[in-house]
Amino acid sequence: MDNDNKITDETRNEQEIETEVPMGTVHSAALEPYRIRLFVEDEIVRDAEMTIGVNHRGIERIMEGLPVEKANSLTEKICGICSNSHIWNSVLVAEKALEIEVPERALYIRIIMEELERLHSHMLYLAHGNEVLGHETFSMRLFYIRETVMELLRMIGGNRVQYGVPVIGGIRPRADLNEMRIQRLTEGMDFVEEKITDFAERFVADPMIMSRITGVGVISKEDALRLSATGPTLRATGVAVDLRRDMKEYDPFEFDVITQDDGDVKSNLLMRVLEIPESIKIIRQAIKALPEGPITNRSWEMQDVTITKSYIEVPRGKLYHSYSLDEGRVRNVIVRTPSITNIGAMEHACIGNHITDAQLAIVQCDPCFTCTDRAIQIIQL
Amino acid sequence: MSLKSYSRARAVHVMLVYTGGCNGCDIEIVNCVLSPKFDIEQYKIFLTWNPREADVLVVTGPVTKHNKEPLKAIYEAIPEPKAVIAAGACALMGGVYKNIHGDIPSEEICGPVDEIIPVDAKVPGCAVRPEDVLAGAVAALPLLLEAM
């Protein structure tokens with residue numbers, strides 16, 4: 001679908017699109033509450049308008065004035081899927097601002113946690129995608145593989161969802177890896193790799209699924225760049241952008257940046273299937289080269305600092321955190337999650353598709369609206 | 001036991017409503033249904049997204065301001081007899097969003113859930129463990145069956 005046919009707010013009334021299909025805020029097809037208006041002509045979506053803000057909890061506002069350690073653990077509660085990414089990036093901001101040296105071993109264990117999280121997030125995405133496609137067998141199969149990763153996360157962090165591993169200067173003592181944990185991690189990675197290879201072979205060889213997802217929800221390279229798509233959504237259109245390449249934490253590890261060409265649902269799903277072995281590769285390298293030594297650097301002092309920023313690559317794209325410190329308390333908190341920059345791509349992906357594919361087109365961008373709903377200002381008129 | 005209640009006791013439908021938590025509880029509950037490890041369907045409990053065919057409402061999250069009215073509407077759309085399970089720390093007491101704050105308390109949270117709709121079973125945890133959700137769902141079943 002090229003841009004000339006896209007209906008803007010100005011031209012909507014002129015073209016007289018009468019049929020509007022509103023979905024939400026709570027809708028049976030969508031897991032999370034959000035609202036989307038689909039403007040339909042002959043069952044083909046001509047325009048889409050997404051509204052978020054239902055989940056708004058004001059987490060940036062309640063963080064203002066909290067002690068930095070407490071604020072860090074509160075950032076974890078922004079999202080239940082990529083909780084480690086949020087606390088990691090928030091801790092990185094403090095470490096960058098206060099110039100704290102982190103022990104090597106802690107850095108490696110943080111990377112292991114982040115990659116485990118990427119594994120479970122990608123498998124959740126694939127399972128959700130398959131459920132939306134109506135293929136519940138694949139969905140259950142992926143949840144079965146994902147359960148291994150969840151157990152490994154519980155083993156390291158003590159909880160299945162909110163692990164809270166990074167703290168300022170290192171990691172929590174509980175999350176240190178001993179011999180038994182390393183062995184279980186190695187066995188777990190072998191299991192996940194074997195099962196996901198098996199899944200990938202079946203998935204690609206399934207003609208029904210492939211014909212269902214090829215050419216649906218296409219986002220071209222130009223559109224993805226224009227709409228500021230990020231993460232796997234951008235990489236699925238052929239742009240090899242991965243912030244992990246630029247992060248100094250990932251310097252010791254070798255991995256490939258996966259790209260796909262088409263930007264449709266097929267590319268997006270295969271993107272995640274192919275990224276899972278890369279994450280396993282990083283975890284294996286980290287286990288093999290895990291340095292000995294302390295896990296926490298406790299010799300740091302609190303100072304007042306101006307606004308400090310940090311970007312990291314999380315399962316869904318680029319995550320931004322910034323805050324300043326004043327007498328040990330955080331001020332001027334800003335969090336920007338990848339899903340909010342992907343909203344433009346989600347709306348665009350719906351256009352030109354059949355109305356039944358709209359939900360699939362949104363799901364292909366891996367939305368996480370609970371992450372996204374934070375910084376919306378509600379103005380009483 | 002009449003034929004209707006006999007058959008209905010063997011097909012309990014659960015509806016999941018998500019009112020603005022962190023997604024963690026939500027995914028653990030979906031995990032309960034779809035993961036072969038937990039598999040809530042072996043207790044004859046099925047997930048539905050339609051309130052008119054649901055028997056049990058599972059509510060997660062601290063109920064944000066914008067979710068209050070939809071939650072009431074969903075509760076009213078469920079036919080009698082019905083049971084409500086509040087799952088997770090946010091649904092039980094507002095969670096971190098209501099209780100932890102710096103200078104300004106959050107004005108966005110209307111929860112906990114039992115201030116808005118009556119709650120029959122409570123499942124604690126942040127995030128809830130799938131085993132606890134199974135136990136909570138099974139604990140709510142007698143309420144439904146006695147009412148039939």
# chains A, B, ... in the order shown; residues from 1 in each chain; ligands from 1
$ residues_around --residues "Leu134 in chain B" --least-positions-apart "5" --cutoff "10 Å" --atoms "only C-alpha atoms" --output "PyMOL selection string"
chain B and resi 29+32-33+38-40+43+45+123+129+139
$ interface_residues --of "chain B" --to "chain A" --cutoff "8 Å" --atoms "only C-alpha atoms" --output "PyMOL selection string"
chain B and resi 17-25+31+34-37+49-50+64-67+70+96-97+100-106+108-109+126-127+129
$ select_by_dssp --residues "range 53-117 of chain B" --states "strand (DSSP E)" --output "CSV table (one decimal) with N, CA and C atoms, in the first residue's frame"
chain,number,residue,atom,x,y,z
B,56,VAL,N,-16.9,-17.3,35.7
B,56,VAL,CA,-16.0,-16.8,36.6
B,56,VAL,C,-15.2,-15.6,36.0
B,57,LEU,N,-15.1,-14.5,36.7
B,57,LEU,CA,-14.4,-13.4,36.2
B,57,LEU,C,-13.1,-13.3,37.0
B,58,VAL,N,-12.0,-13.3,36.3
B,58,VAL,CA,-10.7,-13.2,36.9
B,58,VAL,C,-10.2,-11.8,36.6
B,59,VAL,N,-9.9,-11.0,37.7
B,59,VAL,CA,-9.5,-9.6,37.5
B,59,VAL,C,-8.1,-9.5,37.9
B,60,THR,N,-7.2,-8.9,37.1
B,60,THR,CA,-5.9,-8.6,37.5
B,60,THR,C,-5.7,-7.1,37.4
B,83,ALA,N,-18.9,-15.8,39.9
B,83,ALA,CA,-17.9,-15.7,41.0
B,83,ALA,C,-16.8,-14.8,40.4
B,84,VAL,N,-16.1,-14.0,41.3
B,84,VAL,CA,-15.0,-13.2,40.9
B,84,VAL,C,-13.8,-13.5,41.6
B,85,ILE,N,-12.7,-13.7,40.9
B,85,ILE,CA,-11.4,-14.0,41.5
B,85,ILE,C,-10.5,-12.7,41.3
B,86,ALA,N,-10.0,-12.2,42.3
B,86,ALA,CA,-9.0,-11.1,42.2
B,86,ALA,C,-7.6,-11.7,42.3
B,87,ALA,N,-6.8,-11.5,41.3
B,87,ALA,CA,-5.5,-12.2,41.2
B,87,ALA,C,-4.4,-11.2,41.2
$ residues_around --residues "Val305 in chain A" --least-positions-apart "2" --cutoff "9 Å" --atoms "only C-alpha atoms" --output "list in words"
Ala97, Leu98, Gln303, Ile307, Thr308, Ser324, Leu325 and Asp326 of chain A
$ closest_residue --among "B:Asn99, B:Leu71, B:Asp120, B:His13" --to "Leu47 in chain B" --atoms "only C-alpha atoms"
B:His13
$ residues_around --residues "Arg316 in chain A" --least-positions-apart "2" --cutoff "8 Å" --atoms "only C-alpha atoms" --output "list in words"
Thr230, Gly231, Pro232, Thr233, Glu313, Val314, Lys318, Pro338, Ser339 and Asp366 of chain A
$ write_last_selection --atoms "N, CA and C atoms" --output "PDB file, in the first residue's frame"
ATOM      1  N   THR A 230      11.124   0.457  15.629  1.00  0.00           N
ATOM      2  CA  THR A 230      12.372   0.110  16.297  1.00  0.00           C
ATOM      3  C   THR A 230      12.410  -1.383  16.582  1.00  0.00           C
ATOM      4  N   GLY A 231      13.604  -1.875  16.841  1.00  0.00           N
ATOM      5  CA  GLY A 231      13.768  -3.264  17.261  1.00  0.00           C
ATOM      6  C   GLY A 231      13.477  -4.254  16.157  1.00  0.00           C
ATOM      7  N   PRO A 232      12.947  -5.428  16.515  1.00  0.00           N
ATOM      8  CA  PRO A 232      12.681  -6.462  15.525  1.00  0.00           C
ATOM      9  C   PRO A 232      11.708  -6.014  14.430  1.00  0.00           C
ATOM     10  N   THR A 233      10.786  -5.108  14.755  1.00  0.00           N
ATOM     11  CA  THR A 233       9.862  -4.617  13.732  1.00  0.00           C
ATOM     12  C   THR A 233      10.620  -3.919  12.612  1.00  0.00           C
ATOM     13  N   GLU A 313      19.150  -1.991  24.173  1.00  0.00           N
ATOM     14  CA  GLU A 313      18.302  -2.790  23.280  1.00  0.00           C
ATOM     15  C   GLU A 313      17.591  -3.847  24.113  1.00  0.00           C
ATOM     16  N   VAL A 314      16.265  -3.834  24.066  1.00  0.00           N
ATOM     17  CA  VAL A 314      15.464  -4.790  24.815  1.00  0.00           C
ATOM     18  C   VAL A 314      14.724  -5.657  23.792  1.00  0.00           C
ATOM     19  N   LYS A 318      14.328  -0.285  21.284  1.00  0.00           N
ATOM     20  CA  LYS A 318      15.219   0.609  22.005  1.00  0.00           C
ATOM     21  C   LYS A 318      14.502   1.190  23.216  1.00  0.00           C
ATOM     22  N   PRO A 338       9.943   0.888  23.736  1.00  0.00           N
ATOM     23  CA  PRO A 338       9.905   0.675  22.289  1.00  0.00           C
ATOM     24  C   PRO A 338       8.501   0.634  21.705  1.00  0.00           C
ATOM     25  N   SER A 339       7.510   0.168  22.479  1.00  0.00           N
ATOM     26  CA  SER A 339       6.177   0.021  21.883  1.00  0.00           C
ATOM     27  C   SER A 339       5.586   1.362  21.467  1.00  0.00           C
ATOM     28  N   ASP A 366       4.513  -6.744  18.076  1.00  0.00           N
ATOM     29  CA  ASP A 366       4.810  -7.098  19.457  1.00  0.00           C
ATOM     30  C   ASP A 366       4.438  -5.979  20.430  1.00  0.00           C
TER      31      ASP A 366
END
$ atom_distance --atom1 "CA of Pro51 in chain B" --atom2 "CA of Glu69 in chain B"
14.7 Å
$ closest_residue --among "A:Glu347, A:Asp262, A:Glu292, A:Glu49" --to "Asp176 in chain A" --atoms "only C-alpha atoms"
A:Glu292
$ decode --residues "range 144-243 of chain A" --atoms "C-alpha atoms" --output "compact mmCIF listing (two decimals), in the first residue's frame"
# COMPACT_ATOMS: atom_id res chain seq x y z
CA TYR A 144 5.84 -25.67 26.92
CA ILE A 145 9.33 -24.63 25.73
CA ARG A 146 8.99 -21.26 27.45
CA GLU A 147 8.30 -22.93 30.78
CA THR A 148 11.94 -24.09 30.90
CA VAL A 149 13.14 -20.51 30.55
CA MET A 150 10.70 -19.33 33.22
CA GLU A 151 12.02 -21.96 35.63
CA LEU A 152 15.59 -20.83 34.93
CA LEU A 153 14.58 -17.24 35.64
CA ARG A 154 12.94 -18.33 38.88
CA MET A 155 16.09 -20.25 39.80
CA ILE A 156 18.30 -17.19 39.34
CA GLY A 157 16.03 -14.36 40.43
CA GLY A 158 13.65 -16.10 42.82
CA ASN A 159 10.48 -15.08 40.99
CA ARG A 160 8.97 -15.95 37.67
CA VAL A 161 8.13 -12.42 36.56
CA GLN A 162 9.81 -9.72 38.67
CA TYR A 163 13.37 -10.94 39.23
CA GLY A 164 15.05 -7.74 40.43
CA VAL A 165 18.57 -8.93 39.69
CA PRO A 166 20.56 -5.72 38.96
CA VAL A 167 21.28 -3.32 41.82
CA ILE A 168 23.50 -0.24 41.70
CA GLY A 169 27.10 -1.46 41.59
CA GLY A 170 26.42 -5.07 40.66
CA ILE A 171 23.76 -7.71 41.17
CA ARG A 172 21.78 -9.04 44.09
CA PRO A 173 23.74 -11.69 46.05
CA ARG A 174 20.92 -14.18 45.54
CA ALA A 175 21.41 -14.14 41.77
CA ASP A 176 25.02 -15.32 41.81
CA LEU A 177 25.61 -18.41 39.69
CA ASN A 178 27.07 -21.47 41.38
CA GLU A 179 28.06 -24.83 39.82
CA MET A 180 24.61 -26.36 40.13
CA ARG A 181 22.90 -23.34 38.58
CA ILE A 182 25.37 -23.23 35.70
CA GLN A 183 24.72 -26.88 34.99
CA ARG A 184 20.96 -26.37 35.00
CA LEU A 185 21.38 -23.35 32.74
CA THR A 186 23.46 -25.37 30.28
CA GLU A 187 20.93 -28.20 30.25
CA GLY A 188 18.10 -25.72 29.83
CA MET A 189 19.75 -24.06 26.86
CA ASP A 190 20.32 -27.45 25.18
CA PHE A 191 16.66 -28.31 25.68
CA VAL A 192 15.41 -24.96 24.35
CA GLU A 193 17.67 -25.11 21.31
CA GLU A 194 16.60 -28.64 20.42
CA LYS A 195 12.89 -27.88 20.82
CA ILE A 196 12.98 -24.53 19.04
CA THR A 197 14.83 -26.03 16.06
CA ASP A 198 12.15 -28.69 15.92
CA PHE A 199 9.46 -26.01 16.10
CA ALA A 200 11.11 -23.88 13.41
CA GLU A 201 11.24 -26.83 10.99
CA ARG A 202 7.57 -27.60 11.51
CA PHE A 203 6.57 -23.95 11.35
CA VAL A 204 8.32 -23.24 8.05
CA ALA A 205 7.12 -26.50 6.51
CA ASP A 206 3.46 -25.82 7.35
CA PRO A 207 1.83 -24.66 4.08
CA MET A 208 -1.37 -23.48 5.79
CA ILE A 209 0.42 -21.13 8.15
CA MET A 210 2.84 -19.87 5.54
CA SER A 211 0.09 -19.00 3.07
CA ARG A 212 -1.87 -17.33 5.88
CA ILE A 213 0.93 -15.03 7.00
CA THR A 214 2.80 -14.21 3.80
CA GLY A 215 2.09 -10.73 2.54
CA VAL A 216 -0.16 -9.75 5.45
CA GLY A 217 0.51 -6.53 7.34
CA VAL A 218 3.35 -5.35 5.14
CA ILE A 219 5.48 -2.46 6.36
CA SER A 220 8.01 -1.32 3.79
CA LYS A 221 11.53 -0.26 4.71
CA GLU A 222 10.83 3.40 3.94
CA ASP A 223 7.63 3.40 6.00
CA ALA A 224 9.29 1.71 8.93
CA LEU A 225 12.01 4.36 8.96
CA ARG A 226 9.50 7.17 8.47
CA LEU A 227 7.30 5.90 11.31
CA SER A 228 10.30 5.44 13.66
CA ALA A 229 9.80 1.73 14.08
CA THR A 230 12.37 0.11 16.30
CA GLY A 231 13.77 -3.26 17.26
CA PRO A 232 12.68 -6.46 15.52
CA THR A 233 9.86 -4.62 13.73
CA LEU A 234 12.46 -2.47 11.97
CA ARG A 235 14.86 -5.36 11.44
CA ALA A 236 12.10 -7.40 9.79
CA THR A 237 11.96 -4.78 7.03
CA GLY A 238 15.64 -5.23 6.21
CA VAL A 239 17.36 -2.54 8.29
CA ALA A 240 20.21 -4.08 10.28
CA VAL A 241 19.95 -1.97 13.42
CA ASP A 242 20.72 -3.57 16.76
CA LEU A 243 21.80 -1.43 19.68
